[in-house]
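Structure, as structure tokens:
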Amino acid sequence: MKDIFDECQFNDLKLKSRIIRTGTWETETEEGGFLTPAIYDRYEKIASSGCGLIVSEIFALDAKDRFYPYSTNLNYRGFIKDYQMICDIVHKYDVPILGQLAFFYYDDGINQKVEANDITHEGIRKLQAEVIMAAKKFSFAGFDGIQINMGNNFYLARFMNPYFNQRTDEYGGNTENRVRISSEIIKVIKKTMDMHVSCRINPWDVRKGGITADESIAIAQELQNAGADSIQLTARTISQIYDKGVKHPFLVYVDDLIDALDIPVVLGGSLREMNAINDVLNHSDVEYISMSKPFVAQRNINLSKL
């Protein structure tokens, strides 16, 4: 029988519980981007809460990005020192931590908001290099890995979505081609760094002509083949399927995804009570659950008291 607080192996990472803390937005920084004491305190409280793995708040690539004002900054001169301290605090509790990277727009040097159909091969190489350099910064700072957000409505989610991507070259068309921009990034990170690579993806798309559940599984398989170490589910919206009478909207899909992969899958989305979590763990193939809002609502959260 599975339990929230089972010790478990998360691919190359050892976890002391099945709960993954997922970060969202963070703006509590001082002028110049440096971290405030409150952030160090918050990460220590999260690490001591009983969670098994921490995924950081969202880091953005570019100061002109749509969500940059709400994101954390990895491009200031104190980044390595500040986050070495964060990682040291988290590791003191034997909890691994991943840096989460997400970007909505991309500036290829010609167009500040270039989309999938218009970005050149040179622009693609520039994008890939910037993501790889972000992973290297995370590595220097002591993070155990990187989570690349390819879900919700972020740039890489749109790039792999046939609704947005109608390219006719090797980065468009079939699933493998639309995922290629991300697969190539993962391959370089795994070849050059000792980093866990997690990919956050949508299980489907609610747009006509968008990603289906079957194609989402094929996308996850492509990411696994490239070297991804884990997959975490998110969604642009899940409200459209709450009327299907299921206990959790992703449960109509997640077991099929888990069966199709050989790497861990993290289930996310509105699971916040111990009984409900244990029910999912023991009536599905799910091994790991992510949470975000409970860590925001309860700064001193103790997961054993959920």
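By order of appearance in the structure tokens: chains A, B, ..., then residues from 1 within every chain, and ligands from 1 in the order shown.
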
Selection near Asn153 of chain A, 10 Å with only C-alpha atoms, sequence-local residues under 4 positions removed, as a ChimeraX atom specification: /A:102-104,149,157-159,161,201-202,205,235-237

Could you turn the residues from that selection into a file that holds N, CA and C atoms, as a PDB file, in the first residue's frame?
ATOM      1  N   ALA A 102      10.810  28.910 -17.455  1.00  0.00           N
ATOM      2  CA  ALA A 102       9.649  29.059 -18.328  1.00  0.00           C
ATOM      3  C   ALA A 102       9.719  30.414 -19.010  1.00  0.00           C
ATOM      4  N   PHE A 103       9.284  30.467 -20.242  1.00  0.00           N
ATOM      5  CA  PHE A 103       9.235  31.747 -20.941  1.00  0.00           C
ATOM      6  C   PHE A 103       8.064  31.736 -21.910  1.00  0.00           C
ATOM      7  N   PHE A 104       7.394  32.868 -21.979  1.00  0.00           N
ATOM      8  CA  PHE A 104       6.194  32.988 -22.814  1.00  0.00           C
ATOM      9  C   PHE A 104       6.551  33.524 -24.195  1.00  0.00           C
ATOM     10  N   ASN A 149       9.592  24.215 -18.340  1.00  0.00           N
ATOM     11  CA  ASN A 149       8.136  24.255 -18.442  1.00  0.00           C
ATOM     12  C   ASN A 149       7.733  24.313 -19.908  1.00  0.00           C
ATOM     13  N   ALA A 157       5.542  24.998 -25.224  1.00  0.00           N
ATOM     14  CA  ALA A 157       4.247  24.320 -25.356  1.00  0.00           C
ATOM     15  C   ALA A 157       3.596  24.700 -26.670  1.00  0.00           C
ATOM     16  N   ARG A 158       3.672  25.977 -27.025  1.00  0.00           N
ATOM     17  CA  ARG A 158       3.085  26.417 -28.294  1.00  0.00           C
ATOM     18  C   ARG A 158       3.885  25.865 -29.471  1.00  0.00           C
ATOM     19  N   PHE A 159       5.193  25.783 -29.323  1.00  0.00           N
ATOM     20  CA  PHE A 159       6.035  25.302 -30.422  1.00  0.00           C
ATOM     21  C   PHE A 159       5.690  23.850 -30.772  1.00  0.00           C
ATOM     22  N   ASN A 161       2.838  22.437 -30.396  1.00  0.00           N
ATOM     23  CA  ASN A 161       1.403  22.309 -30.616  1.00  0.00           C
ATOM     24  C   ASN A 161       1.061  22.571 -32.086  1.00  0.00           C
ATOM     25  N   ILE A 201       4.509  19.232 -18.965  1.00  0.00           N
ATOM     26  CA  ILE A 201       3.738  19.200 -20.209  1.00  0.00           C
ATOM     27  C   ILE A 201       2.238  19.201 -19.922  1.00  0.00           C
ATOM     28  N   ASN A 202       1.473  19.550 -20.953  1.00  0.00           N
ATOM     29  CA  ASN A 202       0.014  19.483 -20.889  1.00  0.00           C
ATOM     30  C   ASN A 202      -0.456  18.088 -21.308  1.00  0.00           C
ATOM     31  N   ASP A 205      -4.955  19.581 -25.226  1.00  0.00           N
ATOM     32  CA  ASP A 205      -5.222  20.983 -25.497  1.00  0.00           C
ATOM     33  C   ASP A 205      -6.714  21.127 -25.774  1.00  0.00           C
ATOM     34  N   ALA A 235      -1.530  22.063 -17.107  1.00  0.00           N
ATOM     35  CA  ALA A 235      -2.493  22.259 -18.188  1.00  0.00           C
ATOM     36  C   ALA A 235      -2.760  23.737 -18.360  1.00  0.00           C
ATOM     37  N   ARG A 236      -3.048  24.110 -19.601  1.00  0.00           N
ATOM     38  CA  ARG A 236      -3.473  25.486 -19.865  1.00  0.00           C
ATOM     39  C   ARG A 236      -4.791  25.762 -19.154  1.00  0.00           C
ATOM     40  N   THR A 237      -5.661  24.792 -19.168  1.00  0.00           N
ATOM     41  CA  THR A 237      -6.895  24.856 -18.387  1.00  0.00           C
ATOM     42  C   THR A 237      -7.417  23.446 -18.202  1.00  0.00           C
TER      43      THR A 237
END

Give me, as a CSV table (one decimal) with N, CA and C atoms, in the first residue's frame, all polymer residues having an atom no more than 9 Å from Pro203 of chain A, counting only C-alpha atoms and skipping those fewer than 6 positions away in the same chain.
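Output saved as out-v8.csv:
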chain,number,residue,atom,x,y,z
A,151,GLY,N,4.6,23.3,-20.7
A,151,GLY,CA,3.2,23.2,-20.6
A,151,GLY,C,2.5,24.6,-20.5
A,211,ILE,N,-3.3,19.7,-29.3
A,211,ILE,CA,-2.8,18.4,-28.9
A,211,ILE,C,-3.8,17.5,-28.3
A,212,THR,N,-3.9,16.3,-28.7
A,212,THR,CA,-4.8,15.3,-28.1
A,212,THR,C,-4.1,14.6,-27.0
A,213,ALA,N,-4.8,13.8,-26.2
A,213,ALA,CA,-4.2,13.0,-25.2
A,213,ALA,C,-3.2,12.0,-25.8
A,214,ASP,N,-3.6,11.4,-26.9
A,214,ASP,CA,-2.7,10.4,-27.5
A,214,ASP,C,-1.4,11.1,-28.0
A,215,GLU,N,-1.5,12.3,-28.5
A,215,GLU,CA,-0.3,12.9,-29.0
A,215,GLU,C,0.5,13.4,-27.8
A,216,SER,N,-0.1,13.8,-26.7
A,216,SER,CA,0.6,14.2,-25.5
A,216,SER,C,1.5,13.1,-25.0
A,217,ILE,N,1.0,11.9,-25.0
A,217,ILE,CA,1.8,10.7,-24.7
A,217,ILE,C,2.9,10.5,-25.6
A,233,LEU,N,2.8,16.8,-15.0
A,233,LEU,CA,1.6,17.3,-15.7
A,233,LEU,C,1.1,18.6,-15.2
A,234,THR,N,0.8,19.4,-16.1
A,234,THR,CA,0.1,20.7,-15.9
A,234,THR,C,-0.9,20.9,-17.0
A,235,ALA,N,-1.5,22.1,-17.1
A,235,ALA,CA,-2.5,22.3,-18.2
A,235,ALA,C,-2.8,23.7,-18.4
A,250,PHE,N,-7.1,14.7,-14.3
A,250,PHE,CA,-6.1,14.1,-15.0
A,250,PHE,C,-6.1,12.6,-14.9
A,253,TYR,N,-6.4,10.1,-17.8
A,253,TYR,CA,-5.3,10.1,-18.8
A,253,TYR,C,-4.0,9.6,-18.2
A,254,VAL,N,-3.8,9.8,-16.9
A,254,VAL,CA,-2.4,9.6,-16.3
A,254,VAL,C,-1.9,8.2,-16.3
A,257,LEU,N,-0.4,7.4,-19.6
A,257,LEU,CA,0.9,8.0,-19.7
A,257,LEU,C,1.9,7.3,-19.0

Strand (DSSP E or B) positions in segment 11-72 of chain A, given as a list of chain:residue names: A:Leu13, A:Lys14, A:Leu15, A:Ile19, A:Ile20, A:Arg21, A:Thr22, A:Thr29, A:Leu35, A:Leu53, A:Ile54, A:Val55, A:Ser56, A:Glu57, A:Ile58, A:Phe59, A:Ala60, A:Thr72

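You will find atom CA of Arg125 of chain A at 27.1 Å from atom CA of Gly78 of chain A.
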